[in-house]
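Asker: Quick one: this structure, given as structure tokens, is what I'll be asking you about.
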Amino acid sequence: MDLPVREKRKISDGRPSLTRKGLATRGAILEAAHRVFKDMGYYGSSISEIARRCGVSMGNFYQYFKNKEQVFLELSDLILSQFMVKAEFLASTQGAFEKRLEEAIRLLYEHTRENFAFHRILGESELTDRVTIAYYEAMARHYRDFFRREAQAGNLRPLDPNMISYGLIGICYFHSLDWGEREKISSRESIRQMADLILHGINGPARWKKRSAGPSLSLPPPVALHSSEGEPLTKGESTRQAIFRAAEKVIGRLGGNRANISEITREAGVALGTFYVHFGSKRELIEGLVKYVNSQMRRELQRRVSQNQDRRDAERVGMIAFYEFLRKHREVYRVVPECEMIDREVSLWYYKKVADGYIQGLQRGMEKGEIRKLPPVFLARSLMGLIHFIGLKWIVWNTSAQPEVPDHILKDMITLILFGLKP
């Protein structure tokens, strides 16, 4: 990304306006910092590396910036301001609602793809409370206004505009992920498919024997998946799971970068040597933790969803069950987006493992006519992104002691996913 040199202005700590040469140097430092953050993440980067890549001394760096955080905050402001400039232009778009919706999706999708390395950095836990929440909230504010205006004009169902906005951010984010596969469709076709999904939902033509007039938010009791479930664990398995539970607490609280092995073993009540019997390093533990949580989540969803004969009921139950699981494990769920910087292979494994089973379920629903014909891979990634980001917004980023997705948000989500925005 080419970062523009800002016009002359007062530096935030009260220093006088810079000369033309000073502005050029400051801009060069921002450019170098952007490259360093993309390569190393926020936590892994250093001022010395930024100065080295820019070709300036450490002393020269401190003439323009107080610390690494100030550099990152200014980069965040620049990237966000570029989005806002385009958003203001888009607000004046005329024509049919469908055309305006496609243009709104295009803006978000292209912005996410162009700045995906930066968005991935926002997953680092050190930044979540200081930068990430404010960044996405600023973007969501624009889309809230858009969807609110369109609902007032009668162009879409009066669903919660905040829910739609964060859901759309999630859809664009998941379609910007590097899934390790060559894209077979153009960006233009992806945008058209997203608009179609948002407008019309996934409901297929097959007759649906609904249990009630409105969307039910209750969950069926869980069922055992196989006869071995509930059997006692071996001593080694028990110790390994104790370490995972401790890591969930410690890493969830401190982040993967700052958490240390000694604190995890202390929390687990095991000796340091015992840790190394099961894991070769903290990185190996994080990989194992992500896979352990993934396995627990998929098992819990299966125990809830397997009782539903209609895929539309399975979608509703699966979404609610996921948020119930997320409420119990919200600390460790911060590790999943953080792994996109720490270990991209394990984060890709996590998302693909979820997507593979999801695709199969959606395909079976399409074969029965319960889900309308849509590209299964596209649909799975879209729904994963929508559900994921709403979970981040209302549960993971929520500071309350007992966070949950409000009932009215869940009901509107079910309506959006099944029937879309079209009134």
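Each chain in the structure tokens gets a letter, A, B and so on, in the order shown; residues start at 1 in every chain, and ligands are counted from 1 in the order they appear.
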Return as JSON lines the residues of stretch 190-259 of chain A lying at most 10 Å from stretch 316-326 of chain A, together with the closest atom-to-atom pair for each and the distance in Å to one decimal, counting only C-alpha atoms, with rows in chain order and ascending residue number.

Answerer:
```
{"residue": "A:Pro215", "atom": "CA", "partner": "A:Arg316", "partner_atom": "CA", "distance": 8.1}
{"residue": "A:Ser216", "atom": "CA", "partner": "A:Arg316", "partner_atom": "CA", "distance": 8.2}
{"residue": "A:Leu217", "atom": "CA", "partner": "A:Ile320", "partner_atom": "CA", "distance": 7.0}
{"residue": "A:Ser218", "atom": "CA", "partner": "A:Val317", "partner_atom": "CA", "distance": 8.0}
{"residue": "A:Leu219", "atom": "CA", "partner": "A:Val317", "partner_atom": "CA", "distance": 6.3}
{"residue": "A:Pro220", "atom": "CA", "partner": "A:Val317", "partner_atom": "CA", "distance": 8.1}
```

Asker: Name the residues in contact with A:Ala242 at a cut-off of 10 Å, using only C-alpha atoms, excluding same-chain residues fewer than 3 positions from it; report them as a PyMOL selection string.

Answerer: chain A and resi 236-239+245-248+264-265+267-270

Asker: Using backbone DSSP assignments, extract all helix (DSSP H, G or I) residues from stretch 29-238 of chain A; output them as a VMD selection string.

Answerer: chain A and resid 29 to 44 47 to 54 58 to 64 68 to 90 97 to 114 116 to 121 125 to 152 161 to 176 187 to 200 235 to 238

Asker: Between A:Gln241, A:Gln302, A:Gln63, A:Asn257, single out the one closest to A:Phe275, counting only C-alpha atoms.

Answerer: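 For A:Phe275, the nearest of the candidates is A:Gln241.
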
Asker: As a PDB file with C-alpha atoms, in the first residue's frame, please: the residues near stretch 342-356 of chain A (cut-off 7 Å, only C-alpha atoms, same-chain neighbours under 3 positions excluded).

Answerer:
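See selection14.pdb below for the written result:
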```pdb
ATOM      1  CA  TRP A 179      -7.401 -20.634   1.885  1.00  0.00           C
ATOM      2  CA  GLU A 287      -1.118 -25.566  17.852  1.00  0.00           C
ATOM      3  CA  LYS A 291      -6.839 -28.224  17.457  1.00  0.00           C
ATOM      4  CA  ASN A 294     -11.646 -27.109  17.323  1.00  0.00           C
ATOM      5  CA  VAL A 336      -7.696 -18.312  16.745  1.00  0.00           C
ATOM      6  CA  GLU A 338      -4.092 -14.327  16.703  1.00  0.00           C
ATOM      7  CA  CYS A 339      -2.724 -17.511  15.127  1.00  0.00           C
ATOM      8  CA  ILE A 359     -19.671 -27.795   3.063  1.00  0.00           C
ATOM      9  CA  GLN A 360     -20.797 -31.422   3.277  1.00  0.00           C
ATOM     10  CA  ALA A 380     -19.764 -22.144   3.826  1.00  0.00           C
ATOM     11  CA  ARG A 381     -17.128 -19.399   3.953  1.00  0.00           C
TER      12      ARG A 381
END
```

Asker: If you count only C-alpha atoms, which residues fall within 10 Å of A:Tyr136, apart from same-chain ones fewer than 3 positions away, as a PyMOL selection string?

Answerer: chain A and resi 80+119+122+131-133+139-141+165-166+169+393

Asker: Find the spatial neighbours of A:Gly41, counting only C-alpha atoms, within a cut-off of 10 Å - ignore same-chain residues fewer than 2 positions away - and output them as a list in words.

Answerer: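 What passes the distance filter is His34, Arg35, Val36, Phe37, Lys38, Asp39, Tyr43, Gly44, Ser45, Ser46, Ala117, Phe118, Arg120, Ile121, Leu122, Gly123, Glu124, Glu338, Glu340, Met341 and Ile342 of chain A.
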
Asker: Do a neighbour search on A:Glu404 at 9 Å with only C-alpha atoms, toss out local chain neighbours closer than 4 positions, and write the hits as a ChimeraX atom specification.

Answerer: /A:323-324,327,391,394-395,398

Asker: Keeping only C-alpha atoms, write the selected residues to a file as a compact mmCIF listing (two decimals), in the first residue's frame.

Answerer:
```
# COMPACT_ATOMS: atom_id res chain seq x y z
CA TYR A 323 -22.43 -19.06 20.57
CA GLU A 324 -23.13 -21.14 23.68
CA ARG A 327 -19.42 -17.96 25.76
CA GLY A 391 -19.42 -13.72 17.84
CA TRP A 394 -21.02 -9.54 21.01
CA ILE A 395 -19.06 -12.17 22.95
CA ASN A 398 -17.60 -7.83 25.13
```

Asker: Would you please work out which residue, of A:Trp208, A:Tyr64, A:Tyr109, A:Tyr333, is nearest to A:Asp310 when using only C-alpha atoms?

Answerer: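 Checking each candidate against A:Asp310, we get A:Trp208 as the closest.
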
Asker: Which residues are near A:Ile286? Cut-off 8 Å, only C-alpha atoms, ignore same chain within fewer than 4 positions. Put them as a list in words.

Answerer: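 The filter keeps Gly256, Lys282 and Val290 of chain A.
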
Asker: Using only C-alpha atoms, pick whichever of A:Ala104, A:Ile390, A:Ile164, A:Leu78 has the shortest atom-to-atom distance to A:Glu31.

Answerer: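 When distances to A:Glu31 are compared using only C-alpha atoms, the smallest one comes from A:Leu78.
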
Asker: Provide the atom CA of A:Ala32 to atom CA of A:Phe116 distance in Å, to one decimal place.

Answerer: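 Between atom CA of A:Ala32 and atom CA of A:Phe116 the gap works out to 17.2 Å.
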